[in-house]
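Enquirer: Below is one structure. I have some questions about it.
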Amino acid sequence: MEIFDITDDNGFPTGETVSRSDAHDNGIPHRTAHIWIVRKEVDKYQVLLQKRSAEKESFPGMYDTSSAGHIQAGDEPLESAQRELFEELGIKTLAGDLTFAGKFHIKYEMEFHGKMFKDNEVAFVYVYEKPVDISKLKLQTEEVEEVRWFDIDKVHEGCIHRDGTFCVPMEGLETVMKYLKEKEERLR
């Protein structure tokens with residue numbers, strides 16, 4: 001059974017814990033780590049997105065953040081980000097390989113597989129910019145069906161129009177886009 005730290009609205013643990021099922025049944029605040037793999041092709045940024053397994057409890061079969069997962073009780077966001085990236089895609093990283101881009105709050109209630117799902121989490125966003133050969137990734141098949149590169153602007157457009165392809169959190173995508181824009185400005 002997975003156990004999470006209960007958090008305040010800023011993602012700081014309160015000292016109490018909750019099971020994964022109780023967190024999602026009752027909308028109890030907890031933390032997640034979101035890792036966005038990005039690359040620059042000519043003059044455009046692309047993001048590597050994973051297609052969620054059809055068995056996932058939320059948003060099955062849709063394209064999502066490169067890698068993401070819950071932060072277990074007692075763990076730190078960066079170590080969770082590193083663990084998730086390795087577990088889901090087989091990418092082994094050092095602490096300096098991931099850049100913290102910000103955090104945001106996710107809160108919604110939806111029905112999936114005939115059951116209510118109440119999400120209330122603070123997501124810690126990291127960016128990974130090292131080269132990735134998708135043919136060499138080791139996908140965690142119970143989580144990820146496939147991965148694919150998308151132009152970041154097309155993902156943003158798809159999310160705005162809710163075209164059914166993407167389930168990436170808009171705030172997470174915008175956090176990454178802001179990070180990349182600021183990076184470009186620093187390089188000028």
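Labels used: A, B, ... for chains in the order of the structure tokens, numbers from 1 for residues in each chain, and numbers from 1 for ligands as shown.
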Select from chain A everything DSSP, run on the backbone, classes as strand (DSSP E), then give the selection as a PyMOL selection string.

Expert: chain A and resi 3-7+13-19+30-41+44-52+63-64+67-70+98-112+115-128+144-151

Enquirer: Which residues, written as a PyMOL selection string, have at least one atom at most 6 Å from stretch 118-129 of chain A, with only C-alpha atoms counted and residues fewer than 3 positions away on the same chain left out?

Expert: chain A and resi 11+24-25+27-38+98-109

Enquirer: Can you write out the residues you just picked, keeping N, CA, C and O atoms, as an mmCIF file, in the first residue's frame?

Expert:
data_model
loop_
_atom_site.group_PDB
_atom_site.id
_atom_site.type_symbol
_atom_site.label_atom_id
_atom_site.label_comp_id
_atom_site.auth_asym_id
_atom_site.auth_seq_id
_atom_site.Cartn_x
_atom_site.Cartn_y
_atom_site.Cartn_z
ATOM 1 N N GLY A 11 2.425 22.429 -0.491
ATOM 2 C CA GLY A 11 3.156 21.183 -0.670
ATOM 3 C C GLY A 11 4.064 20.808 0.472
ATOM 4 O O GLY A 11 4.871 19.889 0.351
ATOM 5 N N HIS A 24 -7.235 9.751 -2.762
ATOM 6 C CA HIS A 24 -8.029 9.947 -3.979
ATOM 7 C C HIS A 24 -9.529 9.760 -3.764
ATOM 8 O O HIS A 24 -10.326 10.302 -4.520
ATOM 9 N N ASP A 25 -9.908 9.010 -2.750
ATOM 10 C CA ASP A 25 -11.341 8.880 -2.437
ATOM 11 C C ASP A 25 -11.880 10.145 -1.785
ATOM 12 O O ASP A 25 -13.052 10.492 -1.958
ATOM 13 N N GLY A 27 -10.024 13.341 -1.597
ATOM 14 C CA GLY A 27 -9.422 14.612 -2.020
ATOM 15 C C GLY A 27 -8.461 15.200 -1.006
ATOM 16 O O GLY A 27 -8.393 16.418 -0.838
ATOM 17 N N ILE A 28 -7.684 14.351 -0.332
ATOM 18 C CA ILE A 28 -6.734 14.812 0.683
ATOM 19 C C ILE A 28 -5.450 15.279 0.001
ATOM 20 O O ILE A 28 -4.902 14.575 -0.851
ATOM 21 N N PRO A 29 -4.949 16.473 0.346
ATOM 22 C CA PRO A 29 -3.773 17.013 -0.346
ATOM 23 C C PRO A 29 -2.499 16.199 -0.107
ATOM 24 O O PRO A 29 -2.208 15.781 1.011
ATOM 25 N N HIS A 30 -1.762 15.986 -1.219
ATOM 26 C CA HIS A 30 -0.508 15.232 -1.210
ATOM 27 C C HIS A 30 0.379 15.779 -2.321
ATOM 28 O O HIS A 30 0.019 16.745 -2.985
ATOM 29 N N ARG A 31 1.564 15.166 -2.517
ATOM 30 C CA ARG A 31 2.541 15.700 -3.482
ATOM 31 C C ARG A 31 2.826 14.714 -4.610
ATOM 32 O O ARG A 31 2.768 13.498 -4.407
ATOM 33 N N THR A 32 3.183 15.293 -5.768
ATOM 34 C CA THR A 32 3.651 14.508 -6.893
ATOM 35 C C THR A 32 4.875 15.184 -7.509
ATOM 36 O O THR A 32 5.105 16.373 -7.291
ATOM 37 N N ALA A 33 5.627 14.398 -8.260
ATOM 38 C CA ALA A 33 6.766 14.925 -9.014
ATOM 39 C C ALA A 33 6.465 14.729 -10.493
ATOM 40 O O ALA A 33 6.055 13.637 -10.907
ATOM 41 N N HIS A 34 6.624 15.784 -11.283
ATOM 42 C CA HIS A 34 6.377 15.744 -12.729
ATOM 43 C C HIS A 34 7.682 16.071 -13.440
ATOM 44 O O HIS A 34 8.283 17.107 -13.184
ATOM 45 N N ILE A 35 8.096 15.183 -14.345
ATOM 46 C CA ILE A 35 9.333 15.385 -15.082
ATOM 47 C C ILE A 35 8.995 15.556 -16.552
ATOM 48 O O ILE A 35 8.308 14.719 -17.145
ATOM 49 N N TRP A 36 9.466 16.645 -17.135
ATOM 50 C CA TRP A 36 9.240 16.943 -18.549
ATOM 51 C C TRP A 36 10.564 16.787 -19.288
ATOM 52 O O TRP A 36 11.530 17.493 -18.999
ATOM 53 N N ILE A 37 10.606 15.875 -20.245
ATOM 54 C CA ILE A 37 11.776 15.692 -21.089
ATOM 55 C C ILE A 37 11.592 16.595 -22.305
ATOM 56 O O ILE A 37 10.574 16.499 -23.000
ATOM 57 N N VAL A 38 12.558 17.489 -22.522
ATOM 58 C CA VAL A 38 12.447 18.445 -23.628
ATOM 59 C C VAL A 38 13.691 18.390 -24.510
ATOM 60 O O VAL A 38 14.773 18.017 -24.052
ATOM 61 N N LEU A 98 18.364 17.090 -13.463
ATOM 62 C CA LEU A 98 17.002 17.613 -13.434
ATOM 63 C C LEU A 98 17.020 19.036 -12.904
ATOM 64 O O LEU A 98 17.656 19.322 -11.904
ATOM 65 N N THR A 99 16.301 19.925 -13.583
ATOM 66 C CA THR A 99 16.202 21.319 -13.158
ATOM 67 C C THR A 99 14.800 21.575 -12.626
ATOM 68 O O THR A 99 13.812 21.294 -13.315
ATOM 69 N N PHE A 100 14.718 22.102 -11.410
ATOM 70 C CA PHE A 100 13.416 22.446 -10.825
ATOM 71 C C PHE A 100 12.875 23.669 -11.552
ATOM 72 O O PHE A 100 13.552 24.696 -11.663
ATOM 73 N N ALA A 101 11.648 23.561 -12.068
ATOM 74 C CA ALA A 101 11.035 24.651 -12.839
ATOM 75 C C ALA A 101 9.915 25.350 -12.083
ATOM 76 O O ALA A 101 9.476 26.418 -12.484
ATOM 77 N N GLY A 102 9.418 24.742 -10.999
ATOM 78 C CA GLY A 102 8.330 25.353 -10.231
ATOM 79 C C GLY A 102 7.382 24.302 -9.703
ATOM 80 O O GLY A 102 7.623 23.098 -9.819
ATOM 81 N N LYS A 103 6.300 24.770 -9.126
ATOM 82 C CA LYS A 103 5.272 23.847 -8.641
ATOM 83 C C LYS A 103 3.902 24.480 -8.864
ATOM 84 O O LYS A 103 3.785 25.689 -9.050
ATOM 85 N N PHE A 104 2.883 23.640 -8.860
ATOM 86 C CA PHE A 104 1.515 24.117 -9.057
ATOM 87 C C PHE A 104 0.559 23.162 -8.365
ATOM 88 O O PHE A 104 0.922 22.047 -7.993
ATOM 89 N N HIS A 105 -0.682 23.601 -8.202
ATOM 90 C CA HIS A 105 -1.703 22.827 -7.494
ATOM 91 C C HIS A 105 -2.670 22.213 -8.505
ATOM 92 O O HIS A 105 -3.135 22.893 -9.407
ATOM 93 N N ILE A 106 -2.944 20.942 -8.350
ATOM 94 C CA ILE A 106 -3.943 20.234 -9.162
ATOM 95 C C ILE A 106 -5.097 19.871 -8.240
ATOM 96 O O ILE A 106 -4.882 19.249 -7.192
ATOM 97 N N LYS A 107 -6.311 20.244 -8.618
ATOM 98 C CA LYS A 107 -7.474 19.868 -7.811
ATOM 99 C C LYS A 107 -8.666 19.671 -8.739
ATOM 100 O O LYS A 107 -9.058 20.590 -9.451
ATOM 101 N N TYR A 108 -9.188 18.452 -8.777
ATOM 102 C CA TYR A 108 -10.365 18.151 -9.593
ATOM 103 C C TYR A 108 -11.049 16.890 -9.070
ATOM 104 O O TYR A 108 -10.471 16.113 -8.309
ATOM 105 N N GLU A 109 -12.278 16.709 -9.511
ATOM 106 C CA GLU A 109 -13.044 15.492 -9.238
ATOM 107 C C GLU A 109 -13.623 15.022 -10.555
ATOM 108 O O GLU A 109 -14.268 15.788 -11.265
#

Enquirer: From the list A:Arg39, A:His113, A:Lys44, A:His161, which residue is nearest A:Phe59 when using only C-alpha atoms?

Expert: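 Nearest to A:Phe59: A:His113.
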
Enquirer: Name the closest residue to A:Glu87 among the candidates A:Ser21, A:Thr175, A:Gln140, A:Asn10; distances are taken between atoms, counting only C-alpha atoms.

Expert: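 Of A:Ser21, A:Thr175, A:Gln140, A:Asn10, the one nearest A:Glu87 is A:Gln140, counting only C-alpha atoms.
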
Enquirer: Which polymer residues have any atom within 7 Å of an atom of A:Leu139, counting only C-alpha atoms, with same-chain residues fewer than 3 positions away left out, as a PyMOL selection string?

Expert: chain A and resi 88-90+144

Enquirer: Give me the stretch 37-58 of chain A side of the contact with stretch 68-79 of chain A, cut-off 12 Å, one line per residue showing its nearest atom pair and distance in Å at one decimal, counting only C-alpha atoms, sorted by chain and residue number, as JSON lines.

Expert:
{"residue": "A:Ile37", "atom": "CA", "partner": "A:Ala68", "partner_atom": "CA", "distance": 11.1}
{"residue": "A:Leu49", "atom": "CA", "partner": "A:Ala68", "partner_atom": "CA", "distance": 10.6}
{"residue": "A:Gln50", "atom": "CA", "partner": "A:Ala68", "partner_atom": "CA", "distance": 9.8}
{"residue": "A:Arg52", "atom": "CA", "partner": "A:Ala68", "partner_atom": "CA", "distance": 10.8}

Enquirer: Deliver the residues from the most recent selection as a file, using N, CA, C and O atoms, as a PDB file, in the first residue's frame.

Expert:
ATOM      1  N   ILE A  37      10.606  15.875 -20.245  1.00  0.00           N
ATOM      2  CA  ILE A  37      11.776  15.692 -21.089  1.00  0.00           C
ATOM      3  C   ILE A  37      11.592  16.595 -22.305  1.00  0.00           C
ATOM      4  O   ILE A  37      10.574  16.499 -23.000  1.00  0.00           O
ATOM      5  N   LEU A  49       6.159  12.815 -24.495  1.00  0.00           N
ATOM      6  CA  LEU A  49       4.995  12.484 -23.680  1.00  0.00           C
ATOM      7  C   LEU A  49       4.778  10.979 -23.678  1.00  0.00           C
ATOM      8  O   LEU A  49       5.080  10.289 -24.644  1.00  0.00           O
ATOM      9  N   GLN A  50       4.236  10.489 -22.572  1.00  0.00           N
ATOM     10  CA  GLN A  50       3.918   9.080 -22.461  1.00  0.00           C
ATOM     11  C   GLN A  50       2.417   8.883 -22.646  1.00  0.00           C
ATOM     12  O   GLN A  50       1.614   9.695 -22.197  1.00  0.00           O
ATOM     13  N   ARG A  52      -0.602   6.981 -21.465  1.00  0.00           N
ATOM     14  CA  ARG A  52      -0.951   6.265 -20.243  1.00  0.00           C
ATOM     15  C   ARG A  52      -1.603   4.920 -20.568  1.00  0.00           C
ATOM     16  O   ARG A  52      -2.378   4.804 -21.508  1.00  0.00           O
TER      17      ARG A  52
END

Enquirer: Based on DSSP run over this structure's backbone, return all residues of chain A in helix (DSSP H, G or I), as number ranges by chain.

Expert: A: 20-26, 77-89, 95-97, 134-136, 152-160, 170-187

Enquirer: Name all residues at most 8 Å from A:Ile152 (count only C-alpha atoms; drop same-chain ones fewer than 3 positions away) and give them as a list in words.

Expert: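 After dropping sequence-adjacent residues, the list is Lys44, Tyr45, Gln46, Val47, Val155, His156 and Met177 of chain A.
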
Enquirer: Based on the selection just made, write N, CA and C atoms of those residues as a PDB file, in the first residue's frame.

Expert:
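Now in part.pdb:
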ATOM      1  N   LYS A  44      12.388  25.027 -32.492  1.00  0.00           N
ATOM      2  CA  LYS A  44      11.182  24.717 -31.721  1.00  0.00           C
ATOM      3  C   LYS A  44      11.493  23.691 -30.635  1.00  0.00           C
ATOM      4  N   TYR A  45      10.811  23.856 -29.532  1.00  0.00           N
ATOM      5  CA  TYR A  45      10.946  22.869 -28.464  1.00  0.00           C
ATOM      6  C   TYR A  45       9.930  21.753 -28.649  1.00  0.00           C
ATOM      7  N   GLN A  46      10.379  20.551 -28.315  1.00  0.00           N
ATOM      8  CA  GLN A  46       9.503  19.391 -28.296  1.00  0.00           C
ATOM      9  C   GLN A  46       9.528  18.783 -26.902  1.00  0.00           C
ATOM     10  N   VAL A  47       8.429  18.118 -26.557  1.00  0.00           N
ATOM     11  CA  VAL A  47       8.346  17.404 -25.285  1.00  0.00           C
ATOM     12  C   VAL A  47       8.059  15.939 -25.578  1.00  0.00           C
ATOM     13  N   VAL A 155       1.028  20.699 -28.294  1.00  0.00           N
ATOM     14  CA  VAL A 155       0.479  20.155 -27.043  1.00  0.00           C
ATOM     15  C   VAL A 155      -0.350  21.238 -26.348  1.00  0.00           C
ATOM     16  N   HIS A 156       0.196  22.441 -26.295  1.00  0.00           N
ATOM     17  CA  HIS A 156      -0.511  23.554 -25.661  1.00  0.00           C
ATOM     18  C   HIS A 156      -1.847  23.803 -26.367  1.00  0.00           C
ATOM     19  N   MET A 177       6.893  25.814 -20.211  1.00  0.00           N
ATOM     20  CA  MET A 177       7.027  26.817 -21.274  1.00  0.00           C
ATOM     21  C   MET A 177       7.656  28.105 -20.740  1.00  0.00           C
TER      22      MET A 177
END

Enquirer: Excluding A:Gly61 and any residue of its chain fewer than 5 positions from it, enumerate the residues within 6 Å of it, using only C-alpha atoms, and give them as a list in words.

Expert: Lys51, Arg52, Ser53 and Ala54 of chain A

Enquirer: Tell me, as a PyMOL selection string, which residues lie within 12 Å of A:Ile160, counting only C-alpha atoms; anything in the same chain fewer than 4 positions away does not count.

Expert: chain A and resi 153-156+164-171+173-174

Enquirer: Generate a file of the selected residues that holds N, CA, C and O atoms, formatted as a compact mmCIF listing (two decimals), in the first residue's frame.

Expert:
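Produced file result10.txt, reproduced below:
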# COMPACT_ATOMS: atom_id res chain seq x y z
N ASP A 153 4.18 23.58 -28.69
CA ASP A 153 3.06 24.47 -29.05
C ASP A 153 1.83 23.68 -29.46
O ASP A 153 0.70 24.09 -29.17
N LYS A 154 2.02 22.54 -30.11
CA LYS A 154 0.87 21.70 -30.50
C LYS A 154 0.22 21.07 -29.27
O LYS A 154 -0.99 20.91 -29.22
N VAL A 155 1.03 20.70 -28.29
CA VAL A 155 0.48 20.16 -27.04
C VAL A 155 -0.35 21.24 -26.35
O VAL A 155 -1.47 20.99 -25.91
N HIS A 156 0.20 22.44 -26.29
CA HIS A 156 -0.51 23.55 -25.66
C HIS A 156 -1.85 23.80 -26.37
O HIS A 156 -2.89 23.93 -25.72
N GLY A 164 -8.83 15.71 -26.62
CA GLY A 164 -8.90 14.31 -26.22
C GLY A 164 -7.60 13.55 -26.37
O GLY A 164 -7.53 12.38 -26.00
N THR A 165 -6.56 14.19 -26.89
CA THR A 165 -5.27 13.54 -27.07
C THR A 165 -4.43 13.62 -25.81
O THR A 165 -3.78 12.66 -25.42
N PHE A 166 -4.47 14.79 -25.18
CA PHE A 166 -3.56 15.07 -24.06
C PHE A 166 -4.32 15.24 -22.74
O PHE A 166 -5.43 15.77 -22.71
N CYS A 167 -3.67 14.81 -21.66
CA CYS A 167 -4.20 15.05 -20.32
C CYS A 167 -3.14 15.72 -19.46
O CYS A 167 -3.25 15.71 -18.24
N VAL A 168 -2.12 16.30 -20.11
CA VAL A 168 -1.09 16.99 -19.33
C VAL A 168 -1.75 18.14 -18.56
O VAL A 168 -2.64 18.81 -19.10
N PRO A 169 -1.36 18.34 -17.32
CA PRO A 169 -1.91 19.49 -16.58
C PRO A 169 -1.45 20.79 -17.25
O PRO A 169 -0.25 20.99 -17.46
N MET A 170 -2.39 21.64 -17.60
CA MET A 170 -2.07 22.90 -18.28
C MET A 170 -1.08 23.72 -17.47
O MET A 170 -0.14 24.30 -18.04
N GLU A 171 -1.24 23.76 -16.15
CA GLU A 171 -0.31 24.54 -15.31
C GLU A 171 1.11 23.98 -15.39
O GLU A 171 2.07 24.73 -15.35
N LEU A 173 2.40 22.31 -18.01
CA LEU A 173 2.89 22.66 -19.34
C LEU A 173 3.32 24.13 -19.38
O LEU A 173 4.38 24.46 -19.90
N GLU A 174 2.51 25.00 -18.80
CA GLU A 174 2.84 26.42 -18.78
C GLU A 174 4.07 26.72 -17.92
O GLU A 174 4.85 27.62 -18.23

Enquirer: List the spatial neighbours of A:Thr93 as a ChimeraX atom specification - criterion: any atom at most 10 Å away, only C-alpha atoms, same-chain residues fewer than 2 positions off excluded.

Expert: /A:79,81-83,85-86,90-91,95-98,128,130

Enquirer: Can you work out the spacing between atom CA of A:Leu187 and atom CA of A:Pro131 in Å, to one decimal?

Expert: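 Here the two named atoms are 19.4 Å from each other.
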
Enquirer: So, counting only C-alpha atoms, which residue among A:Glu111, A:Glu55, A:Lys178, A:Leu48 is closest to A:Ser67?

Expert: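 Distance minimum relative to A:Ser67 lands on A:Leu48.
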